[in-house]
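Peer 1: This is final-v8.cif (mmCIF, C-alpha atoms).
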data_protein
loop_
_atom_site.label_atom_id
_atom_site.label_comp_id
_atom_site.auth_asym_id
_atom_site.auth_seq_id
_atom_site.Cartn_x
_atom_site.Cartn_y
_atom_site.Cartn_z
CA MET A 1 17.91 130.74 71.75
CA GLN A 2 17.56 127.30 73.35
CA ARG A 3 20.70 125.97 71.58
CA LYS A 4 22.79 128.86 72.93
CA ALA A 5 21.52 128.21 76.42
CA VAL A 6 22.43 124.51 76.20
CA ARG A 7 25.93 125.37 75.05
CA ARG A 8 26.37 127.76 77.95
CA ARG A 9 25.32 125.04 80.41
CA VAL A 10 27.49 122.27 78.89
CA LEU A 11 30.73 124.20 78.53
CA PRO A 12 31.09 125.16 82.22
CA GLY A 13 30.48 121.48 83.13
CA ILE A 14 33.27 120.28 80.83
CA ALA A 15 35.64 122.87 82.23
CA MET A 16 34.88 121.75 85.79
CA LEU A 17 35.52 118.06 84.94
CA THR A 18 38.83 118.96 83.28
CA ALA A 19 39.95 120.88 86.35
CA LEU A 20 38.99 118.02 88.67
CA ALA A 21 40.91 115.51 86.53
CA ALA A 22 44.02 117.69 86.53
CA GLY A 23 43.83 118.08 90.31
CA ALA A 24 43.50 114.32 90.81
CA ALA A 25 46.54 113.70 88.59
CA GLY A 26 48.53 116.21 90.62
CA LEU A 27 47.57 114.53 93.87
CA THR A 28 48.51 111.12 92.43
CA GLY A 29 51.92 112.41 91.31
CA CYS A 30 52.68 113.86 94.73
CA THR A 31 51.62 110.68 96.49
CA SER A 32 53.70 108.50 94.15
CA GLY A 33 56.79 110.70 94.55
CA SER A 34 56.49 110.68 98.33
CA GLY A 35 56.15 106.90 98.35
CA ASP A 36 59.20 106.41 96.10
CA GLY A 37 61.32 108.68 98.27
CA SER A 38 60.39 106.93 101.48
CA THR A 39 60.99 103.52 99.89
CA SER A 40 64.46 104.41 98.58
CA ASP A 41 65.44 105.86 101.94
CA SER A 42 64.26 102.69 103.64
CA LYS A 43 66.20 100.49 101.25
CA ALA A 44 69.36 102.58 101.55
CA GLY A 45 69.22 102.54 105.31
CA GLY A 46 68.43 98.86 105.63
CA SER A 47 70.66 97.16 103.01
CA SER A 48 73.87 99.21 102.83
CA ALA A 49 76.49 97.94 105.31
CA ALA A 50 78.99 100.25 106.96
CA PRO A 51 82.36 100.18 105.14
CA ALA A 52 85.25 98.39 106.84
CA GLN A 53 87.71 100.47 108.79
CA PRO A 54 90.94 101.38 106.98
CA GLY A 55 94.14 99.54 107.89
CA LYS A 56 96.33 100.49 110.80
CA TYR A 57 99.04 102.00 108.62
CA ARG A 58 98.46 105.05 106.43
CA SER A 59 102.12 105.50 105.44
CA LEU A 60 105.43 103.58 105.36
CA PRO A 61 108.70 104.15 107.27
CA ALA A 62 111.99 105.16 105.69
CA PRO A 63 113.25 101.75 104.49
CA CYS A 64 116.98 102.43 104.95
CA LYS A 65 116.54 103.39 108.61
CA ALA A 66 113.65 101.27 109.88
CA GLY A 67 115.09 98.84 112.40
CA ALA A 68 118.38 98.30 110.52
CA ASP A 69 120.74 100.29 112.74
CA THR A 70 124.46 100.39 112.05
CA LYS A 71 125.28 97.87 114.78
CA LYS A 72 122.90 95.30 113.34
CA LEU A 73 124.11 95.93 109.79
CA LYS A 74 127.73 95.44 110.82
CA GLY A 75 126.83 91.97 112.07
CA MET A 76 125.19 91.09 108.74
CA LEU A 77 127.46 92.80 106.19
CA PRO A 78 131.27 92.63 106.08
CA ALA A 79 133.27 95.72 105.29
CA GLY A 80 136.66 95.32 103.67
CA ASP A 81 139.69 96.80 105.39
CA SER A 82 140.42 98.87 102.30
CA LEU A 83 137.30 101.02 102.78
CA THR A 84 137.67 104.50 104.18
CA PRO A 85 135.41 105.63 107.05
CA GLU A 86 133.35 107.64 104.57
CA GLN A 87 132.94 104.60 102.31
CA ARG A 88 131.87 102.47 105.27
CA ASP A 89 129.27 105.01 106.30
CA GLN A 90 127.98 105.16 102.74
CA MET A 91 127.80 101.35 102.53
CA TYR A 92 125.82 101.02 105.77
CA ALA A 93 123.52 103.89 104.75
CA GLY A 94 122.11 101.71 101.97
CA VAL A 95 120.60 102.59 98.62
CA ALA A 96 116.87 103.27 98.47
CA ASP A 97 114.82 101.60 95.73
CA VAL A 98 113.16 103.77 93.14
CA SER A 99 109.51 104.24 94.14
CA TYR A 100 106.75 106.17 92.41
CA ASP A 101 104.43 105.93 95.43
CA GLY A 102 106.24 106.19 98.75
CA ASP A 103 103.05 105.43 100.68
CA ARG A 104 102.59 102.06 98.93
CA HIS A 105 106.01 100.58 98.04
CA VAL A 106 109.47 101.40 99.45
CA GLY A 107 112.70 99.43 99.80
CA CYS A 108 116.43 99.61 100.51
CA ARG A 109 119.51 97.53 99.55
CA TRP A 110 122.96 96.97 101.05
CA THR A 111 126.10 95.21 99.72
CA GLY A 112 129.05 94.13 101.86
CA GLN A 113 132.22 92.57 100.46
CA SER A 114 135.32 91.00 101.96
CA PRO A 115 138.02 88.69 100.53
CA GLU A 116 136.09 85.70 101.92
CA GLU A 117 132.53 86.47 100.83
CA THR A 118 129.91 88.88 99.52
CA ARG A 119 126.68 89.52 101.40
CA LEU A 120 123.55 91.15 100.00
CA LEU A 121 120.63 92.49 102.02
CA SER A 122 117.34 94.02 100.91
CA VAL A 123 114.28 95.19 102.84
CA GLY A 124 110.93 96.01 101.22
CA PHE A 125 107.70 97.42 102.62
CA GLU A 126 104.30 97.17 100.91
CA ARG A 127 101.16 98.85 102.23
CA VAL A 128 98.06 97.06 100.94
CA VAL A 129 94.85 99.03 100.37
CA SER A 130 91.40 97.64 99.57
CA TYR A 131 89.68 99.82 96.99
CA ASP A 132 86.28 98.40 97.93
CA ARG A 133 86.01 98.27 101.71
CA THR A 134 82.34 97.25 101.48
CA THR A 135 83.55 93.74 100.55
CA SER A 136 86.97 93.48 102.25
CA SER A 137 89.07 95.55 104.62
CA ASP A 138 92.69 96.57 104.10
CA ASP A 139 93.75 93.83 106.52
CA ASP A 140 91.75 91.21 104.60
CA LYS A 141 93.32 92.31 101.33
CA ALA A 142 96.81 92.19 102.85
CA LYS A 143 96.16 88.66 104.10
CA GLN A 144 95.19 87.60 100.58
CA VAL A 145 98.47 88.99 99.23
CA TYR A 146 100.40 87.19 101.98
CA VAL A 147 98.68 83.86 101.24
CA ARG A 148 99.63 84.15 97.55
CA ARG A 149 103.29 84.60 98.51
CA LEU A 150 103.08 81.70 100.94
CA THR A 151 101.67 79.55 98.15
CA ASP A 152 104.43 80.65 95.75
CA ALA A 153 106.95 79.47 98.36
CA LYS A 154 105.17 76.07 98.35
CA LEU A 155 104.44 76.24 102.06
CA PRO A 156 101.10 75.19 103.59
CA PHE A 157 98.90 77.81 105.20
CA PRO A 158 98.75 77.08 108.95
CA GLY A 159 95.38 76.05 110.33
CA PRO A 160 92.86 73.21 110.10
CA THR A 161 92.66 73.51 106.31
CA ALA A 162 96.37 72.91 105.80
CA SER A 163 97.25 69.40 104.72
CA PRO A 164 99.93 67.92 106.96
CA THR A 165 103.28 67.18 105.36
CA PRO A 166 103.69 63.41 105.11
CA ALA A 167 106.49 62.09 107.25
CA ALA A 168 109.44 60.43 105.56
CA PRO A 169 109.24 56.63 105.67
CA THR A 170 111.39 55.04 108.34
CA PRO A 171 114.07 52.91 106.72
CA ALA A 172 114.04 49.26 107.66
CA ALA A 173 116.71 48.07 110.03
CA PRO A 174 119.65 46.64 108.09
CA THR A 175 120.26 42.93 108.32
CA PRO A 176 123.41 42.33 110.34
CA ALA A 177 126.20 41.06 108.15
CA ALA A 178 128.10 37.93 108.94
CA PRO A 179 131.05 38.61 111.24
CA SER A 180 134.33 38.89 109.41
CA PRO A 181 137.54 37.58 110.76
CA SER A 182 139.10 39.97 113.18
CA VAL A 183 142.17 41.75 111.96
CA PRO A 184 144.58 43.05 114.53
CA ALA A 185 144.90 46.80 114.61
CA THR A 186 148.06 48.22 113.16
CA PRO A 187 149.76 50.80 115.36
CA GLY A 188 149.49 54.28 113.90
CA ALA A 189 146.81 53.30 111.35
CA PRO A 190 144.35 56.11 110.32
CA ALA A 191 140.87 56.18 111.78
CA SER A 192 137.97 54.67 109.90
CA PRO A 193 136.25 56.94 107.33
CA SER A 194 132.94 56.42 109.15
CA ALA A 195 134.27 58.52 112.01
CA SER A 196 134.15 61.74 109.91
CA PRO A 197 132.06 64.60 111.35
CA SER A 198 128.44 64.80 110.26
CA ALA A 199 127.21 67.41 107.76
CA PRO A 200 125.74 70.69 109.12
CA VAL A 201 122.03 70.71 109.91
CA GLU A 202 119.74 72.28 107.28
CA LEU A 203 116.74 74.04 108.85
CA GLY A 204 114.82 74.51 105.58
CA SER A 205 111.82 76.69 104.68
CA ARG A 206 108.94 76.88 107.14
CA VAL A 207 106.13 78.96 108.64
CA LEU A 208 107.26 81.17 111.54
CA GLU A 209 105.41 81.75 114.79
CA GLY A 210 105.46 84.90 116.90
CA LEU A 211 106.47 87.29 114.11
CA GLY A 212 103.82 89.85 113.15
CA SER A 213 100.36 88.57 112.27
CA ASP A 214 101.66 85.95 109.79
CA ALA A 215 105.19 85.04 108.74
CA PHE A 216 107.23 82.46 106.84
CA LEU A 217 110.88 81.84 106.01
CA GLU A 218 112.22 80.53 102.71
CA ASP A 219 115.76 79.11 102.51
CA LYS A 220 117.36 78.39 99.12
CA LEU A 221 120.82 77.01 98.38
CA SER A 222 122.23 77.40 94.89
CA PRO A 223 123.28 74.23 93.05
CA ALA A 224 126.79 73.02 93.78
CA GLY A 225 129.35 73.71 91.06
CA ALA A 226 132.87 72.49 90.48
CA SER A 227 134.29 75.98 90.07
CA ALA A 228 131.82 78.09 92.08
CA ALA A 229 130.85 78.26 95.71
CA GLN A 230 127.26 77.69 96.79
CA SER A 231 125.33 80.79 97.80
CA ARG A 232 122.49 80.79 100.30
CA THR A 233 119.50 83.15 100.18
CA VAL A 234 117.10 83.45 103.10
CA ARG A 235 113.84 85.32 102.58
CA VAL A 236 111.59 86.28 105.49
CA VAL A 237 108.09 87.60 104.72
CA PHE A 238 105.76 88.78 107.46
CA ARG A 239 102.51 90.71 107.67
CA THR A 240 101.40 93.11 110.36
CA SER A 241 97.93 94.55 109.76
CA ASN A 242 97.92 95.94 106.19
CA VAL A 243 101.73 96.12 105.72
CA ILE A 244 103.82 93.26 104.29
CA VAL A 245 107.59 93.27 104.90
CA THR A 246 110.05 91.23 102.81
CA ILE A 247 113.68 90.65 103.83
CA GLU A 248 116.21 88.92 101.56
CA TYR A 249 119.66 88.04 102.89
CA SER A 250 122.23 86.32 100.63
CA VAL A 251 125.69 84.97 101.50
CA GLN A 252 128.04 84.20 98.59
CA PRO A 253 131.40 82.68 99.62
CA ALA A 254 134.43 83.34 97.44
CA LEU A 255 136.05 79.91 97.83
CA PRO A 256 134.57 76.94 95.92
CA GLY A 257 133.25 74.16 98.10
CA THR A 258 132.22 76.53 100.89
CA VAL A 259 128.59 76.31 102.02
CA PRO A 260 127.11 79.16 104.11
CA PRO A 261 125.61 77.76 107.34
CA SER A 262 121.85 77.56 107.43
CA THR A 263 121.45 78.36 111.14
CA GLU A 264 123.56 81.52 111.16
CA THR A 265 122.07 82.95 107.96
CA GLN A 266 118.50 82.34 109.08
CA ASP A 267 119.13 83.73 112.56
CA LYS A 268 120.48 87.02 111.22
CA ALA A 269 117.56 87.46 108.81
CA ARG A 270 115.00 86.62 111.48
CA GLN A 271 116.56 88.97 114.04
CA LEU A 272 116.29 91.82 111.54
CA ALA A 273 112.65 90.87 110.85
CA GLU A 274 111.87 90.97 114.58
CA ALA A 275 113.47 94.42 114.85
CA LEU A 276 111.37 95.70 111.93
CA ALA A 277 108.17 94.23 113.40
CA GLU A 278 108.93 95.92 116.72
CA ARG A 279 109.55 99.24 114.97
CA LEU A 280 106.22 98.99 113.13
CA SER A 281 104.33 98.27 116.34
CA GLU A 282 105.53 101.49 118.00
#
Would you kindly transcribe this structure into structure tokens?

Peer 2:
Amino acid sequence: MQRKAVRRRVLPGIAMLTALAAGAAGLTGCTSGSGDGSTSDSKAGGSSAAPAQPGKYRSLPAPCKAGADTKKLKGMLPAGDSLTPEQRDQMYAGVADVSYDGDRHVGCRWTGQSPEETRLLSVGFERVVSYDRTTSSDDDKAKQVYVRRLTDAKLPFPGPTASPTPAAPTPAAPTPAAPSPSVPATPGAPASPSASPSAPVELGSRVLEGLGSDAFLEDKLSPAGASAAQSRTVRVVFRTSNVIVTIEYSVQPALPGTVPPSTETQDKARQLAEALAERLSE
């Protein structure tokens, strides 16, 4: 009888302790979960930075119509007299490049021919997008692409980090030669060869100011050949926000020994670039 009574007293006590332990574990779990949730919310709110704003441009213009109106194209591309009005219109309409993503890459090409020369023109648009705007914006990514192209053209990036181009050494003054006996001029004798006109000025490749956010011009002249004329290709690249525009303008004379002028070719390419930059800013 006494053993049964002891068992009855002990068993309810064990059951009560078990229930208390379970309740304490439940309270601990709830407290721990609440603390973890508040901590993660605090970390998320305090450490995550707001993503950079997307670039100014969400799409690209029609490349065959952007800024290159017929009047401007006529000044850059010759049209042979043998072309019909329909053929002229088709030539100045241009041929669009094949593009699998019209919001990222588009371009257009034109070809003009005459008995004296052939001129080629191409315009390309690239919209740069940063896939991780927590680290860089679309504009920052576009600037990186532009700097790579500037480096490929072997031009220094403007700013305090750019190393200045060393100036060419000044040649020493020639020592005057001893005077030679004077020879009387012969009537009707040809002029001295030293009186020939000087060669045309070459402007060369350089960084451009006042065109978009960043811009440079690259001027290349093909090697001279005995049986072929030298062709000149001027490339203008400029960036405005997250869009990079590339213009290539080539002049290929038909007659050997003919050199396309640097000033005229560069001026035409730059004027087109300014028109495109103005169109993009609208």

Peer 1: With the file shown as input, list the residues that the PyMOL selection byres ((chain A and resi 79) around 9) selects, as a list in words.

Peer 2: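 So the PyMOL selection byres ((chain A and resi 79) around 9), applied here, picks out Lys74, Leu77, Pro78, Gly80, Asp81, Ser82, Leu83, Arg88, Met91, Gly112, Gln113 and Ser114 of chain A.
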
Peer 1: Could you turn the residues from that selection into a file that holds C-alpha atoms, as a short mmCIF file (atom, residue, chain, number, x, y, z; two decimals), in the coordinates of the input?

Peer 2:
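Saved the output as part14.cif:
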data_model
loop_
_atom_site.label_atom_id
_atom_site.label_comp_id
_atom_site.auth_asym_id
_atom_site.auth_seq_id
_atom_site.Cartn_x
_atom_site.Cartn_y
_atom_site.Cartn_z
CA LYS A 74 127.73 95.44 110.82
CA LEU A 77 127.46 92.80 106.19
CA PRO A 78 131.27 92.63 106.08
CA GLY A 80 136.66 95.32 103.67
CA ASP A 81 139.69 96.80 105.39
CA SER A 82 140.42 98.87 102.30
CA LEU A 83 137.30 101.02 102.78
CA ARG A 88 131.87 102.47 105.27
CA MET A 91 127.80 101.35 102.53
CA GLY A 112 129.05 94.13 101.86
CA GLN A 113 132.22 92.57 100.46
CA SER A 114 135.32 91.00 101.96
#

Peer 1: So which one's closest to Cys108 of chain A, A:Gly124, A:Pro261, A:Gly212, A:Pro156? Using only C-alpha atoms, please.

Peer 2: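 For Cys108 of chain A, the nearest of the given residues is A:Gly124.
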
Peer 1: Could you list, with a cut-off of 12 Å and counting all atoms listed in the file, the residues of segment 74-106 of chain A near segment 47-64 of chain A, each shown with its nearest atom pair and the distance in Å rounded to one decimal, rows sorted by chain and ascending number, as JSON lines?

Peer 2:
{"residue": "A:Gln90", "atom": "CA", "partner": "A:Cys64", "partner_atom": "CA", "distance": 11.5}
{"residue": "A:Met91", "atom": "CA", "partner": "A:Cys64", "partner_atom": "CA", "distance": 11.1}
{"residue": "A:Tyr92", "atom": "CA", "partner": "A:Cys64", "partner_atom": "CA", "distance": 9.0}
{"residue": "A:Ala93", "atom": "CA", "partner": "A:Cys64", "partner_atom": "CA", "distance": 6.7}
{"residue": "A:Gly94", "atom": "CA", "partner": "A:Cys64", "partner_atom": "CA", "distance": 6.0}
{"residue": "A:Val95", "atom": "CA", "partner": "A:Cys64", "partner_atom": "CA", "distance": 7.3}
{"residue": "A:Ala96", "atom": "CA", "partner": "A:Cys64", "partner_atom": "CA", "distance": 6.5}
{"residue": "A:Asp97", "atom": "CA", "partner": "A:Pro63", "partner_atom": "CA", "distance": 8.9}
{"residue": "A:Val98", "atom": "CA", "partner": "A:Pro63", "partner_atom": "CA", "distance": 11.5}
{"residue": "A:Ser99", "atom": "CA", "partner": "A:Pro63", "partner_atom": "CA", "distance": 11.3}
{"residue": "A:Asp101", "atom": "CA", "partner": "A:Leu60", "partner_atom": "CA", "distance": 10.3}
{"residue": "A:Gly102", "atom": "CA", "partner": "A:Leu60", "partner_atom": "CA", "distance": 7.2}
{"residue": "A:Asp103", "atom": "CA", "partner": "A:Ser59", "partner_atom": "CA", "distance": 4.9}
{"residue": "A:Arg104", "atom": "CA", "partner": "A:Leu60", "partner_atom": "CA", "distance": 7.2}
{"residue": "A:His105", "atom": "CA", "partner": "A:Leu60", "partner_atom": "CA", "distance": 7.9}
{"residue": "A:Val106", "atom": "CA", "partner": "A:Pro63", "partner_atom": "CA", "distance": 6.3}

Peer 1: Distance atom CA of Ser262 of chain A-atom CA of Arg239 of chain A, one decimal place?

Peer 2: 23.4 Å

Peer 1: Neighbours of segment 247-259 of chain A within 6 Å (only C-alpha atoms; same-chain residues fewer than 4 positions away dropped), as number ranges by chain?

Peer 2: A: 116-123, 227-236

Peer 1: Would you fill out segment 240-263 of chain A with N, CA, C and O atoms and return it as a compact mmCIF listing (two decimals), in the coordinates of the input?

Peer 2:
# COMPACT_ATOMS: atom_id res chain seq x y z
N THR A 240 101.96 92.51 109.15
CA THR A 240 101.40 93.11 110.36
C THR A 240 100.33 94.10 109.91
O THR A 240 100.63 95.07 109.23
N SER A 241 99.08 93.78 110.22
CA SER A 241 97.93 94.55 109.76
C SER A 241 97.96 94.62 108.23
O SER A 241 97.99 93.59 107.56
N ASN A 242 97.98 95.82 107.64
CA ASN A 242 97.92 95.94 106.19
C ASN A 242 99.28 96.24 105.56
O ASN A 242 99.35 96.74 104.43
N VAL A 243 100.38 95.93 106.25
CA VAL A 243 101.73 96.12 105.72
C VAL A 243 102.43 94.76 105.65
O VAL A 243 102.39 93.97 106.59
N ILE A 244 103.06 94.48 104.51
CA ILE A 244 103.82 93.26 104.29
C ILE A 244 105.29 93.64 104.12
O ILE A 244 105.63 94.52 103.32
N VAL A 245 106.16 92.99 104.91
CA VAL A 245 107.59 93.27 104.90
C VAL A 245 108.32 92.05 104.33
O VAL A 245 108.02 90.91 104.70
N THR A 246 109.26 92.30 103.42
CA THR A 246 110.05 91.23 102.81
C THR A 246 111.53 91.52 103.04
O THR A 246 112.01 92.61 102.70
N ILE A 247 112.25 90.55 103.59
CA ILE A 247 113.68 90.65 103.83
C ILE A 247 114.38 89.56 103.05
O ILE A 247 113.99 88.38 103.14
N GLU A 248 115.40 89.91 102.28
CA GLU A 248 116.21 88.92 101.56
C GLU A 248 117.66 89.11 101.97
O GLU A 248 118.21 90.21 101.89
N TYR A 249 118.28 88.01 102.40
CA TYR A 249 119.66 88.04 102.89
C TYR A 249 120.42 86.92 102.20
O TYR A 249 120.10 85.75 102.35
N SER A 250 121.46 87.29 101.41
CA SER A 250 122.23 86.32 100.63
C SER A 250 123.68 86.33 101.07
O SER A 250 124.27 87.40 101.31
N VAL A 251 124.27 85.14 101.16
CA VAL A 251 125.69 84.97 101.50
C VAL A 251 126.34 84.19 100.36
O VAL A 251 125.92 83.07 100.05
N GLN A 252 127.36 84.80 99.74
CA GLN A 252 128.04 84.20 98.59
C GLN A 252 129.53 84.06 98.91
O GLN A 252 130.29 85.02 98.80
N PRO A 253 129.98 82.87 99.32
CA PRO A 253 131.40 82.68 99.62
C PRO A 253 132.26 82.82 98.37
O PRO A 253 131.81 82.59 97.25
N ALA A 254 133.52 83.19 98.58
CA ALA A 254 134.43 83.34 97.44
C ALA A 254 135.12 82.03 97.10
O ALA A 254 135.47 81.81 95.93
N LEU A 255 135.32 81.15 98.07
CA LEU A 255 136.05 79.91 97.83
C LEU A 255 135.10 78.80 97.41
O LEU A 255 134.07 78.58 98.05
N PRO A 256 135.41 78.07 96.32
CA PRO A 256 134.57 76.94 95.92
C PRO A 256 134.55 75.87 97.01
O PRO A 256 135.51 75.67 97.74
N GLY A 257 133.40 75.20 97.11
CA GLY A 257 133.25 74.16 98.10
C GLY A 257 132.78 74.65 99.46
O GLY A 257 132.50 73.86 100.35
N THR A 258 132.69 75.97 99.62
CA THR A 258 132.22 76.53 100.89
C THR A 258 130.71 76.68 100.86
O THR A 258 130.15 77.19 99.88
N VAL A 259 130.05 76.23 101.92
CA VAL A 259 128.59 76.31 102.02
C VAL A 259 128.23 77.20 103.20
O VAL A 259 128.62 76.89 104.34
N PRO A 260 127.51 78.31 102.98
CA PRO A 260 127.11 79.16 104.11
C PRO A 260 126.22 78.39 105.07
O PRO A 260 125.34 77.64 104.66
N PRO A 261 126.42 78.52 106.37
CA PRO A 261 125.61 77.76 107.34
C PRO A 261 124.17 78.23 107.34
O PRO A 261 123.88 79.43 107.28
N SER A 262 123.27 77.25 107.43
CA SER A 262 121.85 77.56 107.43
C SER A 262 121.44 78.29 108.70
O SER A 262 120.71 79.29 108.65
N THR A 263 121.89 77.80 109.86
CA THR A 263 121.45 78.36 111.14
C THR A 263 121.84 79.83 111.27
O THR A 263 121.01 80.68 111.61
